[in-house]
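Trainee: Here you go, one structure.
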Amino acid sequence: MIRAIVTDIEGTTSDIRFVHNVLFPYARQHLAAFIRENQDNAEVAAALNAVRIEAELPEADLATITEILFSFMDQDRKSTGLKALQGMIWRAGYVNGSFTGHLYPDVLPALKAWQQQGIKLYVYSSGSIAAQKLLFGYSDEGDITGLFSGYFDTHVGAKREVNAYHTIAAEIGLPADQLLFLSDIYQELDAAAEAGWQTLQLIRGDADNQSRHRQVNNFSQINPESI
Ligand SMILES: CSCCC(=O)C(=O)COP(=O)(O)O
Ligand SMILES: [Mg+2]
């Protein structure tokens with residue numbers, strides 16, 4: 001019996017094109033000025049130091065760190081420091097109305113129905129927890145953060161690492177086989193399944209023939225009671 005559902009964002013609740021064509025370019029456009037103007041802010045300084053450590057350049061100056069961040073963005077690297085900075089930059093875009101967080105139309109009705117059934121809802125994304133709350137707080141359908149009982153980001157580990165799912169299960173406080181992970185990426189689902197979770201793959205676009213996971217095209221096709 002499924003008692004909690006943990007959902008990915010990009011390619012699962014939200015269109016990959018919103019992340020890659022709207023969010024990422026906005027962060028890229030504002031990154032250099034943002035870190036120059038906010039380098040003394042404690043949160044920004046901590047994120048910059050995390051990037052220095054990740055790049056193994058503990059003495060790197062701001063210009064070098066900026067270059068490294070641009071190269072991380074080119075690689076779509078799921079760097080915890082980069083993700084923290086992107087989340088801080090996106091805040092202005094959401095607040096000033098430059099964009100709203102994309103949600104596929106099937107997502108909100110399904111989340112509401114599952115919550116009504118007593119199923120707890122969580123998010124696990126490579127985007128920082130702050131960025132996740134912004135996307136769902138300023139979504140196309142308004143603020144839907146009240147539906148979620150908790151959020152997880154790369155502080156629990158990368159999404160393709162089995163241990164991340166052990167950590168999330170322990171934090172939620174439920175046995176792994178009562179947890180359902182929704183994602184578009186089969187390698188993330190492989191890691192969750194290895195940790196004992198139930199899995200479902202969202203196929204929002206092209207078919208994925210390499211996957212061994214059950215597949216659906218949208219949230220309306222998911223019935224947690226039949227899993
Ligand atoms: C919180 S929205 C931005 C998502 C993001 O930065 C990203 O890298 C996508 O990661 P996901 O784990 O949701 O595929
Ligand atoms: Mg995804």
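Within each chain, counting starts at residue 1; across the structure tokens, chains are named A, B, ... in the order shown, with ligands numbered 1 upward in that order.
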So which residues are near ligand 1, meaning at most 9 Å away with only C-alpha atoms and all ligand atoms counted, given back as a PDB file with N, CA and C atoms, in the first residue's frame?

Mentor:
ATOM      1  N   THR A   7       7.798  13.049  -5.763  1.00  0.00           N
ATOM      2  CA  THR A   7       7.869  13.355  -7.193  1.00  0.00           C
ATOM      3  C   THR A   7       9.076  14.203  -7.562  1.00  0.00           C
ATOM      4  N   ASP A   8       9.634  13.852  -8.687  1.00  0.00           N
ATOM      5  CA  ASP A   8      10.631  14.664  -9.387  1.00  0.00           C
ATOM      6  C   ASP A   8       9.888  15.868 -10.002  1.00  0.00           C
ATOM      7  N   ILE A   9      10.649  16.868 -10.450  1.00  0.00           N
ATOM      8  CA  ILE A   9      10.026  18.043 -11.082  1.00  0.00           C
ATOM      9  C   ILE A   9      10.229  18.007 -12.606  1.00  0.00           C
ATOM     10  N   GLU A  10      11.473  18.268 -13.031  1.00  0.00           N
ATOM     11  CA  GLU A  10      11.750  18.446 -14.473  1.00  0.00           C
ATOM     12  C   GLU A  10      11.397  17.181 -15.246  1.00  0.00           C
ATOM     13  N   GLY A  11      10.454  17.287 -16.185  1.00  0.00           N
ATOM     14  CA  GLY A  11      10.043  16.142 -16.995  1.00  0.00           C
ATOM     15  C   GLY A  11       8.996  15.282 -16.326  1.00  0.00           C
ATOM     16  N   THR A  12       8.585  15.664 -15.109  1.00  0.00           N
ATOM     17  CA  THR A  12       7.608  14.850 -14.370  1.00  0.00           C
ATOM     18  C   THR A  12       6.378  15.702 -14.020  1.00  0.00           C
ATOM     19  N   THR A  13       6.553  16.694 -13.133  1.00  0.00           N
ATOM     20  CA  THR A  13       5.435  17.626 -12.879  1.00  0.00           C
ATOM     21  C   THR A  13       5.458  18.768 -13.880  1.00  0.00           C
ATOM     22  N   SER A  14       6.622  19.047 -14.454  1.00  0.00           N
ATOM     23  CA  SER A  14       6.830  20.283 -15.210  1.00  0.00           C
ATOM     24  C   SER A  14       7.636  20.011 -16.471  1.00  0.00           C
ATOM     25  N   ILE A  16      10.219  19.953 -19.280  1.00  0.00           N
ATOM     26  CA  ILE A  16      11.673  20.134 -19.345  1.00  0.00           C
ATOM     27  C   ILE A  16      12.018  21.432 -20.080  1.00  0.00           C
ATOM     28  N   VAL A  19      12.194  24.436 -17.779  1.00  0.00           N
ATOM     29  CA  VAL A  19      13.454  24.491 -17.023  1.00  0.00           C
ATOM     30  C   VAL A  19      14.602  24.935 -17.940  1.00  0.00           C
ATOM     31  N   HIS A  20      14.693  24.344 -19.124  1.00  0.00           N
ATOM     32  CA  HIS A  20      15.859  24.594 -19.990  1.00  0.00           C
ATOM     33  C   HIS A  20      15.732  25.877 -20.811  1.00  0.00           C
ATOM     34  N   LEU A  23      13.986  28.894 -17.122  1.00  0.00           N
ATOM     35  CA  LEU A  23      14.726  29.042 -15.854  1.00  0.00           C
ATOM     36  C   LEU A  23      16.238  29.133 -16.064  1.00  0.00           C
ATOM     37  N   PHE A  24      16.805  28.190 -16.802  1.00  0.00           N
ATOM     38  CA  PHE A  24      18.269  28.169 -16.938  1.00  0.00           C
ATOM     39  C   PHE A  24      18.798  29.439 -17.630  1.00  0.00           C
ATOM     40  N   ASP A  76      25.036  21.170 -17.503  1.00  0.00           N
ATOM     41  CA  ASP A  76      23.849  20.858 -16.681  1.00  0.00           C
ATOM     42  C   ASP A  76      24.271  20.040 -15.467  1.00  0.00           C
ATOM     43  N   ARG A  77      25.373  20.466 -14.853  1.00  0.00           N
ATOM     44  CA  ARG A  77      25.890  19.732 -13.697  1.00  0.00           C
ATOM     45  C   ARG A  77      24.992  19.996 -12.487  1.00  0.00           C
ATOM     46  N   LYS A  78      24.643  18.916 -11.774  1.00  0.00           N
ATOM     47  CA  LYS A  78      23.721  19.045 -10.635  1.00  0.00           C
ATOM     48  C   LYS A  78      24.520  19.379  -9.372  1.00  0.00           C
ATOM     49  N   SER A  79      25.240  20.490  -9.472  1.00  0.00           N
ATOM     50  CA  SER A  79      26.091  20.959  -8.381  1.00  0.00           C
ATOM     51  C   SER A  79      25.237  21.631  -7.303  1.00  0.00           C
ATOM     52  N   LEU A  82      25.800  25.448  -7.290  1.00  0.00           N
ATOM     53  CA  LEU A  82      25.148  26.092  -8.442  1.00  0.00           C
ATOM     54  C   LEU A  82      23.642  26.120  -8.243  1.00  0.00           C
ATOM     55  N   LYS A  83      23.078  25.009  -7.794  1.00  0.00           N
ATOM     56  CA  LYS A  83      21.618  24.924  -7.634  1.00  0.00           C
ATOM     57  C   LYS A  83      21.128  25.917  -6.580  1.00  0.00           C
ATOM     58  N   GLN A  86      21.224  29.331  -8.357  1.00  0.00           N
ATOM     59  CA  GLN A  86      20.121  29.454  -9.327  1.00  0.00           C
ATOM     60  C   GLN A  86      18.808  29.751  -8.610  1.00  0.00           C
ATOM     61  N   GLY A  87      18.571  29.038  -7.503  1.00  0.00           N
ATOM     62  CA  GLY A  87      17.321  29.258  -6.754  1.00  0.00           C
ATOM     63  C   GLY A  87      17.210  30.697  -6.263  1.00  0.00           C
ATOM     64  N   GLY A 101       5.825  28.994 -12.468  1.00  0.00           N
ATOM     65  CA  GLY A 101       6.329  27.623 -12.511  1.00  0.00           C
ATOM     66  C   GLY A 101       5.409  26.741 -13.338  1.00  0.00           C
ATOM     67  N   VAL A 123       8.562  16.212  -2.572  1.00  0.00           N
ATOM     68  CA  VAL A 123       9.290  16.538  -3.806  1.00  0.00           C
ATOM     69  C   VAL A 123      10.753  16.136  -3.617  1.00  0.00           C
ATOM     70  N   TYR A 124      11.348  15.567  -4.675  1.00  0.00           N
ATOM     71  CA  TYR A 124      12.799  15.345  -4.685  1.00  0.00           C
ATOM     72  C   TYR A 124      13.308  15.793  -6.044  1.00  0.00           C
ATOM     73  N   SER A 125      14.107  16.845  -6.032  1.00  0.00           N
ATOM     74  CA  SER A 125      14.635  17.416  -7.268  1.00  0.00           C
ATOM     75  C   SER A 125      16.085  17.815  -7.059  1.00  0.00           C
ATOM     76  N   SER A 126      16.819  17.906  -8.165  1.00  0.00           N
ATOM     77  CA  SER A 126      18.181  18.454  -8.093  1.00  0.00           C
ATOM     78  C   SER A 126      18.141  19.953  -7.831  1.00  0.00           C
ATOM     79  N   GLY A 127      17.062  20.613  -8.190  1.00  0.00           N
ATOM     80  CA  GLY A 127      16.907  22.019  -7.842  1.00  0.00           C
ATOM     81  C   GLY A 127      16.884  22.167  -6.325  1.00  0.00           C
ATOM     82  N   SER A 128      17.407  23.279  -5.817  1.00  0.00           N
ATOM     83  CA  SER A 128      17.444  23.460  -4.355  1.00  0.00           C
ATOM     84  C   SER A 128      16.029  23.463  -3.781  1.00  0.00           C
ATOM     85  N   ILE A 129      15.932  23.188  -2.495  1.00  0.00           N
ATOM     86  CA  ILE A 129      14.607  23.205  -1.850  1.00  0.00           C
ATOM     87  C   ILE A 129      13.965  24.589  -2.017  1.00  0.00           C
ATOM     88  N   ALA A 130      14.755  25.642  -1.904  1.00  0.00           N
ATOM     89  CA  ALA A 130      14.205  26.994  -2.102  1.00  0.00           C
ATOM     90  C   ALA A 130      13.638  27.135  -3.516  1.00  0.00           C
ATOM     91  N   ALA A 131      14.356  26.589  -4.506  1.00  0.00           N
ATOM     92  CA  ALA A 131      13.887  26.677  -5.900  1.00  0.00           C
ATOM     93  C   ALA A 131      12.615  25.856  -6.098  1.00  0.00           C
ATOM     94  N   GLN A 132      12.540  24.699  -5.432  1.00  0.00           N
ATOM     95  CA  GLN A 132      11.328  23.870  -5.535  1.00  0.00           C
ATOM     96  C   GLN A 132      10.120  24.622  -4.968  1.00  0.00           C
ATOM     97  N   LYS A 133      10.337  25.261  -3.812  1.00  0.00           N
ATOM     98  CA  LYS A 133       9.219  25.992  -3.176  1.00  0.00           C
ATOM     99  C   LYS A 133       8.780  27.177  -4.038  1.00  0.00           C
ATOM    100  N   LEU A 134       9.734  27.798  -4.735  1.00  0.00           N
ATOM    101  CA  LEU A 134       9.376  28.907  -5.635  1.00  0.00           C
ATOM    102  C   LEU A 134       8.533  28.399  -6.798  1.00  0.00           C
ATOM    103  N   LEU A 135       8.983  27.287  -7.415  1.00  0.00           N
ATOM    104  CA  LEU A 135       8.258  26.774  -8.584  1.00  0.00           C
ATOM    105  C   LEU A 135       6.813  26.438  -8.216  1.00  0.00           C
ATOM    106  N   PHE A 136       6.641  25.779  -7.059  1.00  0.00           N
ATOM    107  CA  PHE A 136       5.281  25.392  -6.670  1.00  0.00           C
ATOM    108  C   PHE A 136       4.534  26.537  -5.974  1.00  0.00           C
ATOM    109  N   ASP A 153      16.451  17.794  -1.695  1.00  0.00           N
ATOM    110  CA  ASP A 153      17.328  18.173  -2.811  1.00  0.00           C
ATOM    111  C   ASP A 153      18.632  17.399  -2.701  1.00  0.00           C
ATOM    112  N   THR A 154      19.672  17.851  -3.371  1.00  0.00           N
ATOM    113  CA  THR A 154      20.908  17.055  -3.436  1.00  0.00           C
ATOM    114  C   THR A 154      21.658  17.019  -2.102  1.00  0.00           C
ATOM    115  N   ALA A 158      22.784  12.568  -4.679  1.00  0.00           N
ATOM    116  CA  ALA A 158      22.360  12.726  -6.072  1.00  0.00           C
ATOM    117  C   ALA A 158      21.225  11.753  -6.386  1.00  0.00           C
ATOM    118  N   LYS A 159      20.436  12.095  -7.391  1.00  0.00           N
ATOM    119  CA  LYS A 159      19.215  11.332  -7.640  1.00  0.00           C
ATOM    120  C   LYS A 159      19.456   9.945  -8.223  1.00  0.00           C
ATOM    121  N   SER A 183       9.367   9.712 -11.664  1.00  0.00           N
ATOM    122  CA  SER A 183      10.429  10.430 -12.373  1.00  0.00           C
ATOM    123  C   SER A 183      10.372  10.069 -13.856  1.00  0.00           C
ATOM    124  N   ASP A 184      10.969  10.949 -14.660  1.00  0.00           N
ATOM    125  CA  ASP A 184      11.082  10.673 -16.098  1.00  0.00           C
ATOM    126  C   ASP A 184      12.393   9.967 -16.439  1.00  0.00           C
ATOM    127  N   ILE A 185      13.305   9.881 -15.491  1.00  0.00           N
ATOM    128  CA  ILE A 185      14.661   9.363 -15.774  1.00  0.00           C
ATOM    129  C   ILE A 185      14.820   7.967 -15.175  1.00  0.00           C
TER     130      ILE A 185
END

Trainee: May I have all residues of range 52-84 of chain A that DSSP, computed from the backbone, assigns to helix (DSSP H, G or I), given as a PyMOL selection string?

Mentor: chain A and resi 52-54+62-74+80-84

Trainee: Which residues, written as a ChimeraX atom specification, have at least one atom at most 9 Å from Ile222 in chain A, with only C-alpha atoms counted and residues fewer than 5 positions away on the same chain left out?

Mentor: /A:110,200,216,227

Trainee: Taking only C-alpha atoms and all ligand atoms into account, name the residue in A:Leu179, A:Val156, A:Ala195, A:Leu189 that is nearest to ligand 2.

Mentor: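 That would be A:Leu189, the residue with the smallest distance to ligand 2.
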
Trainee: Rank A:Arg17, A:Ile65, A:Ala45, A:Leu180 by their smallest atom-to-atom distance to ligand 2, using only C-alpha atoms and all ligand atoms, and report the top residue only.

Mentor: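 Closest residue, counting only C-alpha atoms and all ligand atoms: A:Arg17.
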
Trainee: Within 8 Å of Thr199 in chain A, counting only C-alpha atoms, which residues show up once you throw out same-chain ones fewer than 6 positions away? Write them as a list in words, please.

Mentor: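 So the residues in contact are Leu180, Phe181, Leu182, Leu189, Ala192, Ala193, His213 and Arg214 of chain A.
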
Trainee: Could you write out the selected residues, including N, CA and C atoms, as an mmCIF file, in the first residue's frame?

Mentor:
data_model
loop_
_atom_site.group_PDB
_atom_site.id
_atom_site.type_symbol
_atom_site.label_atom_id
_atom_site.label_comp_id
_atom_site.auth_asym_id
_atom_site.auth_seq_id
_atom_site.Cartn_x
_atom_site.Cartn_y
_atom_site.Cartn_z
ATOM 1 N N LEU A 180 6.373 5.643 -3.207
ATOM 2 C CA LEU A 180 6.349 5.618 -4.674
ATOM 3 C C LEU A 180 7.129 6.822 -5.194
ATOM 4 N N PHE A 181 8.117 6.559 -6.069
ATOM 5 C CA PHE A 181 8.882 7.654 -6.680
ATOM 6 C C PHE A 181 8.452 7.821 -8.128
ATOM 7 N N LEU A 182 8.155 9.039 -8.505
ATOM 8 C CA LEU A 182 7.768 9.383 -9.874
ATOM 9 C C LEU A 182 8.896 10.173 -10.523
ATOM 10 N N LEU A 189 15.030 6.104 -11.213
ATOM 11 C CA LEU A 189 14.075 5.075 -10.761
ATOM 12 C C LEU A 189 14.807 3.783 -10.407
ATOM 13 N N ALA A 192 16.047 4.258 -6.913
ATOM 14 C CA ALA A 192 14.945 4.166 -5.944
ATOM 15 C C ALA A 192 14.506 2.705 -5.776
ATOM 16 N N ALA A 193 14.393 1.991 -6.896
ATOM 17 C CA ALA A 193 13.959 0.582 -6.834
ATOM 18 C C ALA A 193 14.973 -0.261 -6.053
ATOM 19 N N HIS A 213 10.893 0.060 -15.790
ATOM 20 C CA HIS A 213 9.877 0.547 -14.859
ATOM 21 C C HIS A 213 8.529 0.687 -15.567
ATOM 22 N N ARG A 214 7.454 0.554 -14.790
ATOM 23 C CA ARG A 214 6.122 0.803 -15.360
ATOM 24 C C ARG A 214 6.065 2.247 -15.817
#

Trainee: Let me make sure I understand: among A:Leu108, A:Ala164, A:Val95, A:Leu69, which one has the smallest atom-to-atom distance to Ala27 in chain A if we use only C-alpha atoms?

Mentor: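 Smallest separation from Ala27 in chain A among the options: A:Leu69.
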
Trainee: Of the residues A:Val6, A:Ile68, A:Ala84, A:Glu141, which is the one nearest to Ile172 in chain A, using only C-alpha atoms?

Mentor: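 Among the listed residues, A:Val6 lies closest to Ile172 in chain A.
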
Trainee: Quick one: DSSP strand (DSSP E or B) residues in range 3-215 of chain A, as an MDAnalysis selection string?

Mentor: chainID A and resid 4:7 10 14 101 120:124 139 142 150:152 179:183 198:202 215

Trainee: May I have the residues from that selection written out with C-alpha atoms, as a PDB file, in the first residue's frame?

Mentor:
ATOM      1  CA  ALA A   4       3.703   8.531   0.383  1.00  0.00           C
ATOM      2  CA  ILE A   5       4.497   9.736  -3.118  1.00  0.00           C
ATOM      3  CA  VAL A   6       7.764  11.515  -3.894  1.00  0.00           C
ATOM      4  CA  THR A   7       7.869  13.355  -7.193  1.00  0.00           C
ATOM      5  CA  GLU A  10      11.750  18.446 -14.473  1.00  0.00           C
ATOM      6  CA  SER A  14       6.830  20.283 -15.210  1.00  0.00           C
ATOM      7  CA  GLY A 101       6.329  27.623 -12.511  1.00  0.00           C
ATOM      8  CA  LYS A 120       1.612  12.191   1.931  1.00  0.00           C
ATOM      9  CA  LEU A 121       3.268  14.118  -0.897  1.00  0.00           C
ATOM     10  CA  TYR A 122       6.949  15.070  -1.192  1.00  0.00           C
ATOM     11  CA  VAL A 123       9.290  16.538  -3.806  1.00  0.00           C
ATOM     12  CA  TYR A 124      12.799  15.345  -4.685  1.00  0.00           C
ATOM     13  CA  SER A 139       3.083  27.930 -10.229  1.00  0.00           C
ATOM     14  CA  GLY A 142      -0.978  29.542  -7.952  1.00  0.00           C
ATOM     15  CA  GLY A 150       8.370  17.997   2.635  1.00  0.00           C
ATOM     16  CA  TYR A 151      11.071  18.664   0.070  1.00  0.00           C
ATOM     17  CA  PHE A 152      14.407  16.964  -0.688  1.00  0.00           C
ATOM     18  CA  LEU A 179       6.957   4.862  -0.997  1.00  0.00           C
ATOM     19  CA  LEU A 180       6.349   5.618  -4.674  1.00  0.00           C
ATOM     20  CA  PHE A 181       8.882   7.654  -6.680  1.00  0.00           C
ATOM     21  CA  LEU A 182       7.768   9.383  -9.874  1.00  0.00           C
ATOM     22  CA  SER A 183      10.429  10.430 -12.373  1.00  0.00           C
ATOM     23  CA  GLN A 198       7.917   1.428  -5.814  1.00  0.00           C
ATOM     24  CA  THR A 199       8.559   3.323  -9.050  1.00  0.00           C
ATOM     25  CA  LEU A 200       6.687   4.761 -12.024  1.00  0.00           C
ATOM     26  CA  GLN A 201       8.223   6.467 -15.029  1.00  0.00           C
ATOM     27  CA  LEU A 202       6.596   9.510 -16.611  1.00  0.00           C
ATOM     28  CA  GLN A 215       5.390   3.807 -17.530  1.00  0.00           C
TER      29      GLN A 215
END

Trainee: Select, from A:Glu194, A:Glu188, A:Asp208, A:Asp40, the residue with the minimum atom-to-atom distance to ligand 2, counting only C-alpha atoms and all ligand atoms.

Mentor: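 Of A:Glu194, A:Glu188, A:Asp208, A:Asp40, the one nearest ligand 2, counting only C-alpha atoms and all ligand atoms, is A:Glu188.
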